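Read through the structure below, which is laid out as structure tokens, and then see the notes.
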Amino acid sequence: MLKAIIFDFDGVLADTEPLHFKMFQRVLHEAGLPLSEQDYYQKYVGLDDKGCFQTILSAQGRPASPEAVRRLVERKAALMLEQIKTTPVIYPGIADFIKRAAGRYRLAIVSGALRHEIELILKSVGLRSSFEHITAAEDIRNGKPDPEGYLHALQTLNRRAAVQASDCLVIEDTIAGIQAAHAAGLRCLAVSTTYPADQLAGADAVASTLKGYDLETLERRFWS
């Protein structure tokens with residue numbers, strides 16, 4: 001039976017992918033490197049900041065030393081923080097979905113975003129207390145599609161009360177996220193906010209939105 005829902009953040013709870021793209025593009029432009037919108041959404045979306053910068057630098061034949069990547073991550077984080085302080089980004093209907101889900105299940109987040117970004121956005125709409133745990137970029141070494149983030153969240157949830165992977169549902173929006181969830185032994189519902197539905201066929205099910213999504217239907221779909 002369903003006991004816990006683990007959410008990705010960007011593209012699932014918050015419409016932040018366009019902001020991430022603009023900040024990646026700006027920081028890379030400052031470093032003399034191009035980043036097109038098509039390349040971002042086809043090649044890099046779903047990666048955490050470190051993984052994204054490492055991959056782009058390597059693809060461009062530029063040194064991707066830890067120090068170089070750290071500087072780029074810090075610059076992008078500063079720009080992103082200024083944006084989310086003033087830009088409403090939670091998807092319509094998400095607050096209602098989370099509040100209903102929190103009354104029935106344990107909720108957690110596994111995201112490649114930085115913790116302060118996630119916390120700031122959730123607190124701004126009064127949702128932080130709904131989540132028992134957050135695994136953010138700083139908590140792991142390997143981002144999605146590696147399962148480390150989801151395994152980290154499962155381990156943390158189990159310190160408080162036992163829950164099996166078979167009792168958890170992941171909600172993701174990217175191919176890398178679906179791969180990470182499945183590699184951790186978790187079922188995955190994908191929302192087609194970032195990729196078209198046909199590209200998310202690797203998920204166990206696909207929905208266009210969580211707005212108004214019925215929780216009993218959700219349980220029947222995966223645990224009937």
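The chains in the structure tokens are called A, B, ... from first to last as shown; in each chain the residues are counted from 1, and the ligands are counted from 1 in the order shown.
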Exercise: region 37-46 of chain A partners within 8 Å, only C-alpha atoms, chain neighbours under 2 positions left out, as a PyMOL selection string = chain A and resi 17+21+35+48+52+112+144+174-177+194
I need the residues from that last selection saved to file as a PDB file, in the first residue's frame (with N, CA and C atoms), if you can.
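File produced: out.pdb:
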ATOM      1  N   GLU A  17      12.147  25.402 -14.024  1.00  0.00           N
ATOM      2  CA  GLU A  17      13.082  25.028 -15.079  1.00  0.00           C
ATOM      3  C   GLU A  17      13.422  26.196 -16.012  1.00  0.00           C
ATOM      4  N   PHE A  21      17.268  27.509 -16.607  1.00  0.00           N
ATOM      5  CA  PHE A  21      17.873  27.662 -17.927  1.00  0.00           C
ATOM      6  C   PHE A  21      18.465  29.056 -18.106  1.00  0.00           C
ATOM      7  N   LEU A  35      24.828  28.384 -24.517  1.00  0.00           N
ATOM      8  CA  LEU A  35      23.872  27.355 -24.103  1.00  0.00           C
ATOM      9  C   LEU A  35      22.528  27.704 -24.718  1.00  0.00           C
ATOM     10  N   ASP A  48      21.736  18.027 -11.709  1.00  0.00           N
ATOM     11  CA  ASP A  48      21.930  19.081 -10.712  1.00  0.00           C
ATOM     12  C   ASP A  48      22.928  20.101 -11.248  1.00  0.00           C
ATOM     13  N   CYS A  52      25.465  19.545 -14.354  1.00  0.00           N
ATOM     14  CA  CYS A  52      25.208  20.310 -15.571  1.00  0.00           C
ATOM     15  C   CYS A  52      26.461  21.059 -16.013  1.00  0.00           C
ATOM     16  N   GLY A 112      17.735  17.971  -7.317  1.00  0.00           N
ATOM     17  CA  GLY A 112      19.072  18.462  -7.625  1.00  0.00           C
ATOM     18  C   GLY A 112      19.230  19.937  -7.333  1.00  0.00           C
ATOM     19  N   LYS A 144      20.949  12.698 -10.234  1.00  0.00           N
ATOM     20  CA  LYS A 144      20.164  11.875 -11.153  1.00  0.00           C
ATOM     21  C   LYS A 144      20.843  11.863 -12.531  1.00  0.00           C
ATOM     22  N   THR A 174      11.413  14.341 -15.441  1.00  0.00           N
ATOM     23  CA  THR A 174      12.483  14.177 -16.427  1.00  0.00           C
ATOM     24  C   THR A 174      12.841  12.710 -16.600  1.00  0.00           C
ATOM     25  N   ILE A 175      13.480  12.423 -17.715  1.00  0.00           N
ATOM     26  CA  ILE A 175      13.927  11.066 -18.007  1.00  0.00           C
ATOM     27  C   ILE A 175      14.968  10.630 -16.986  1.00  0.00           C
ATOM     28  N   ALA A 176      15.902  11.529 -16.661  1.00  0.00           N
ATOM     29  CA  ALA A 176      16.928  11.202 -15.665  1.00  0.00           C
ATOM     30  C   ALA A 176      16.298  10.891 -14.314  1.00  0.00           C
ATOM     31  N   GLY A 177      15.247  11.624 -13.957  1.00  0.00           N
ATOM     32  CA  GLY A 177      14.562  11.385 -12.689  1.00  0.00           C
ATOM     33  C   GLY A 177      13.855  10.045 -12.653  1.00  0.00           C
ATOM     34  N   THR A 194       7.828  19.156 -18.380  1.00  0.00           N
ATOM     35  CA  THR A 194       9.130  19.487 -18.978  1.00  0.00           C
ATOM     36  C   THR A 194       9.343  18.745 -20.287  1.00  0.00           C
TER      37      THR A 194
END
Among region 1-74 of chain A, which ones does DSSP place in alpha helix (DSSP H), written as a PyMOL selection string?
-> chain A and resi 17-30+37-39+49-59+66-74
Excluding same-chain residues fewer than 5 positions from His116 (chain A), what lies within 10 Å of it counting only C-alpha atoms, as a ChimeraX atom specification?
-> /A:77,81,121-122,136
Using only C-alpha atoms, pick whichever of A:Ala64, A:Ile56, A:Leu189, A:Leu72 has the shortest atom-to-atom distance to Val27 (chain A).
->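 Closest to Val27 (chain A) of all the choices is A:Leu72.
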Give me the residues of region 1-103 of chain A that have any atom at most 12 Å from an atom of region 147-160 of chain A; for each, the nearest atom pair and the distance in Å, rounded to one decimal. Use only C-alpha atoms, sort by chain and number, and format it as JSON lines.
{"residue": "A:Lys3", "atom": "CA", "partner": "A:Leu157", "partner_atom": "CA", "distance": 11.0}
{"residue": "A:Ala4", "atom": "CA", "partner": "A:Leu157", "partner_atom": "CA", "distance": 9.2}
{"residue": "A:Ile5", "atom": "CA", "partner": "A:Leu154", "partner_atom": "CA", "distance": 10.7}
{"residue": "A:Ile6", "atom": "CA", "partner": "A:Tyr150", "partner_atom": "CA", "distance": 8.2}
{"residue": "A:Phe7", "atom": "CA", "partner": "A:Tyr150", "partner_atom": "CA", "distance": 9.9}
{"residue": "A:Asp8", "atom": "CA", "partner": "A:Tyr150", "partner_atom": "CA", "distance": 9.8}
{"residue": "A:Asp48", "atom": "CA", "partner": "A:Gly149", "partner_atom": "CA", "distance": 11.1}
Atom pair CA of Ala201 (chain A) / CA of Ala180 (chain A): separation (Å) =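 CA of Ala180 (chain A) lies 14.5 Å from CA of Ala201 (chain A).
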Nearest to Ala108 (chain A) among A:Asp146, A:Asp49, A:Phe24, A:His133, with distances taken over only C-alpha atoms: which residue is it?
->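 Result for the nearest residue to Ala108 (chain A): A:His133.
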Please report, as a tab-separated table, each residue of region 75-170 of chain A lying at most 10 Å from region 215-222 of chain A, together with the nearest pair of atoms and the separation in Å rounded to one decimal; use only C-alpha atoms, and order rows by chain and ascending residue number.
residue	atom	partner	partner_atom	distance
A:Phe97	CA	A:Leu215	CA	8.6
A:Arg100	CA	A:Leu215	CA	8.1
A:Ala101	CA	A:Leu215	CA	7.2
A:Arg104	CA	A:Leu215	CA	9.0
A:Asp167	CA	A:Phe222	CA	10.0
A:Leu169	CA	A:Phe222	CA	8.5
Give me the residues within 9 Å of Glu138 (chain A) as a PDB file with N, CA and C atoms, in the first residue's frame, counting only C-alpha atoms and dropping any in the same chain fewer than 2 places off.
ATOM      1  N   GLY A 112      17.735  17.971  -7.317  1.00  0.00           N
ATOM      2  CA  GLY A 112      19.072  18.462  -7.625  1.00  0.00           C
ATOM      3  C   GLY A 112      19.230  19.937  -7.333  1.00  0.00           C
ATOM      4  N   ALA A 113      18.163  20.574  -6.876  1.00  0.00           N
ATOM      5  CA  ALA A 113      18.247  21.988  -6.499  1.00  0.00           C
ATOM      6  C   ALA A 113      18.960  22.139  -5.155  1.00  0.00           C
ATOM      7  N   LEU A 114      19.435  23.325  -4.889  1.00  0.00           N
ATOM      8  CA  LEU A 114      20.097  23.616  -3.623  1.00  0.00           C
ATOM      9  C   LEU A 114      19.052  23.772  -2.518  1.00  0.00           C
ATOM     10  N   ARG A 115      19.428  23.381  -1.315  1.00  0.00           N
ATOM     11  CA  ARG A 115      18.472  23.364  -0.202  1.00  0.00           C
ATOM     12  C   ARG A 115      17.843  24.733   0.047  1.00  0.00           C
ATOM     13  N   THR A 135      15.943  15.789   0.501  1.00  0.00           N
ATOM     14  CA  THR A 135      17.297  15.498   0.035  1.00  0.00           C
ATOM     15  C   THR A 135      17.597  16.491  -1.079  1.00  0.00           C
ATOM     16  N   ALA A 136      18.573  17.358  -0.838  1.00  0.00           N
ATOM     17  CA  ALA A 136      18.940  18.393  -1.807  1.00  0.00           C
ATOM     18  C   ALA A 136      20.311  18.079  -2.417  1.00  0.00           C
ATOM     19  N   ILE A 140      24.212  14.747  -1.455  1.00  0.00           N
ATOM     20  CA  ILE A 140      24.687  13.577  -2.191  1.00  0.00           C
ATOM     21  C   ILE A 140      25.867  13.937  -3.084  1.00  0.00           C
ATOM     22  N   ARG A 141      26.576  12.903  -3.532  1.00  0.00           N
ATOM     23  CA  ARG A 141      27.707  13.108  -4.446  1.00  0.00           C
ATOM     24  C   ARG A 141      27.296  12.955  -5.902  1.00  0.00           C
TER      25      ARG A 141
END
Name the residues of region 124-213 of chain A that fall into strand (DSSP E or B) according to DSSP on the backbone, using the chain letters and numbers of this document, as a PDB file with N, CA and C atoms, in the first residue's frame.
ATOM      1  N   HIS A 133      10.969  15.258   4.973  1.00  0.00           N
ATOM      2  CA  HIS A 133      12.401  15.215   4.645  1.00  0.00           C
ATOM      3  C   HIS A 133      12.644  15.842   3.280  1.00  0.00           C
ATOM      4  N   ILE A 134      13.831  16.461   3.136  1.00  0.00           N
ATOM      5  CA  ILE A 134      14.306  16.971   1.839  1.00  0.00           C
ATOM      6  C   ILE A 134      15.719  16.476   1.614  1.00  0.00           C
ATOM      7  N   THR A 135      15.943  15.789   0.501  1.00  0.00           N
ATOM      8  CA  THR A 135      17.297  15.498   0.035  1.00  0.00           C
ATOM      9  C   THR A 135      17.597  16.491  -1.079  1.00  0.00           C
ATOM     10  N   CYS A 168       6.354   3.233  -1.660  1.00  0.00           N
ATOM     11  CA  CYS A 168       6.634   4.625  -2.003  1.00  0.00           C
ATOM     12  C   CYS A 168       6.355   4.890  -3.481  1.00  0.00           C
ATOM     13  N   LEU A 169       5.922   6.092  -3.762  1.00  0.00           N
ATOM     14  CA  LEU A 169       5.740   6.549  -5.139  1.00  0.00           C
ATOM     15  C   LEU A 169       6.580   7.799  -5.352  1.00  0.00           C
ATOM     16  N   VAL A 170       7.324   7.826  -6.437  1.00  0.00           N
ATOM     17  CA  VAL A 170       8.074   9.010  -6.836  1.00  0.00           C
ATOM     18  C   VAL A 170       7.274   9.763  -7.896  1.00  0.00           C
ATOM     19  N   ILE A 171       7.297  11.084  -7.835  1.00  0.00           N
ATOM     20  CA  ILE A 171       6.705  11.907  -8.894  1.00  0.00           C
ATOM     21  C   ILE A 171       7.820  12.739  -9.521  1.00  0.00           C
ATOM     22  N   GLU A 172       8.044  12.550 -10.800  1.00  0.00           N
ATOM     23  CA  GLU A 172       9.165  13.141 -11.531  1.00  0.00           C
ATOM     24  C   GLU A 172       8.686  13.821 -12.810  1.00  0.00           C
ATOM     25  N   ARG A 187       8.404   2.923  -7.697  1.00  0.00           N
ATOM     26  CA  ARG A 187       7.453   3.234  -8.754  1.00  0.00           C
ATOM     27  C   ARG A 187       7.529   4.729  -9.062  1.00  0.00           C
ATOM     28  N   CYS A 188       7.173   5.103 -10.300  1.00  0.00           N
ATOM     29  CA  CYS A 188       7.296   6.511 -10.681  1.00  0.00           C
ATOM     30  C   CYS A 188       6.127   6.972 -11.540  1.00  0.00           C
ATOM     31  N   LEU A 189       5.495   8.042 -11.098  1.00  0.00           N
ATOM     32  CA  LEU A 189       4.509   8.778 -11.879  1.00  0.00           C
ATOM     33  C   LEU A 189       5.229   9.983 -12.475  1.00  0.00           C
ATOM     34  N   ALA A 190       5.131  10.169 -13.783  1.00  0.00           N
ATOM     35  CA  ALA A 190       5.752  11.326 -14.421  1.00  0.00           C
ATOM     36  C   ALA A 190       4.693  12.361 -14.776  1.00  0.00           C
ATOM     37  N   VAL A 191       5.045  13.636 -14.640  1.00  0.00           N
ATOM     38  CA  VAL A 191       4.176  14.720 -15.095  1.00  0.00           C
ATOM     39  C   VAL A 191       4.835  15.367 -16.309  1.00  0.00           C
ATOM     40  N   ALA A 205       3.486   5.529 -15.030  1.00  0.00           N
ATOM     41  CA  ALA A 205       2.290   6.218 -15.495  1.00  0.00           C
ATOM     42  C   ALA A 205       2.677   7.672 -15.758  1.00  0.00           C
ATOM     43  N   VAL A 206       1.871   8.342 -16.576  1.00  0.00           N
ATOM     44  CA  VAL A 206       2.138   9.741 -16.926  1.00  0.00           C
ATOM     45  C   VAL A 206       0.862  10.551 -16.730  1.00  0.00           C
ATOM     46  N   ALA A 207       1.006  11.737 -16.143  1.00  0.00           N
ATOM     47  CA  ALA A 207      -0.115  12.662 -15.974  1.00  0.00           C
ATOM     48  C   ALA A 207       0.293  14.019 -16.523  1.00  0.00           C
TER      49      ALA A 207
END
Might you pull out every residue within 12 Å of Gly32 (chain A), with only C-alpha atoms counted and same-chain residues fewer than 5 positions away left off, and present them as a ChimeraX atom specification?
-> /A:25-27,57,60,62
Could you please take those selected residues and save N, CA and C atoms as a short mmCIF file (atom, residue, chain, number, x, y, z; two decimals), in the first residue's frame?
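Once everything was written out, this is result_30.cif:
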data_model
loop_
_atom_site.label_atom_id
_atom_site.label_comp_id
_atom_site.auth_asym_id
_atom_site.auth_seq_id
_atom_site.Cartn_x
_atom_site.Cartn_y
_atom_site.Cartn_z
N GLN A 25 22.38 29.81 -18.61
CA GLN A 25 22.78 30.49 -19.83
C GLN A 25 23.58 31.76 -19.51
N ARG A 26 23.14 32.52 -18.51
CA ARG A 26 23.82 33.76 -18.15
C ARG A 26 25.23 33.48 -17.61
N VAL A 27 25.33 32.51 -16.70
CA VAL A 27 26.63 32.20 -16.10
C VAL A 27 27.59 31.65 -17.16
N LEU A 57 31.03 21.90 -19.58
CA LEU A 57 32.45 22.23 -19.71
C LEU A 57 33.20 21.13 -20.47
N GLN A 60 32.50 21.12 -24.15
CA GLN A 60 33.12 22.25 -24.84
C GLN A 60 34.65 22.18 -24.80
N ARG A 62 36.50 22.34 -22.18
CA ARG A 62 37.03 23.24 -21.15
C ARG A 62 37.32 22.45 -19.88
#
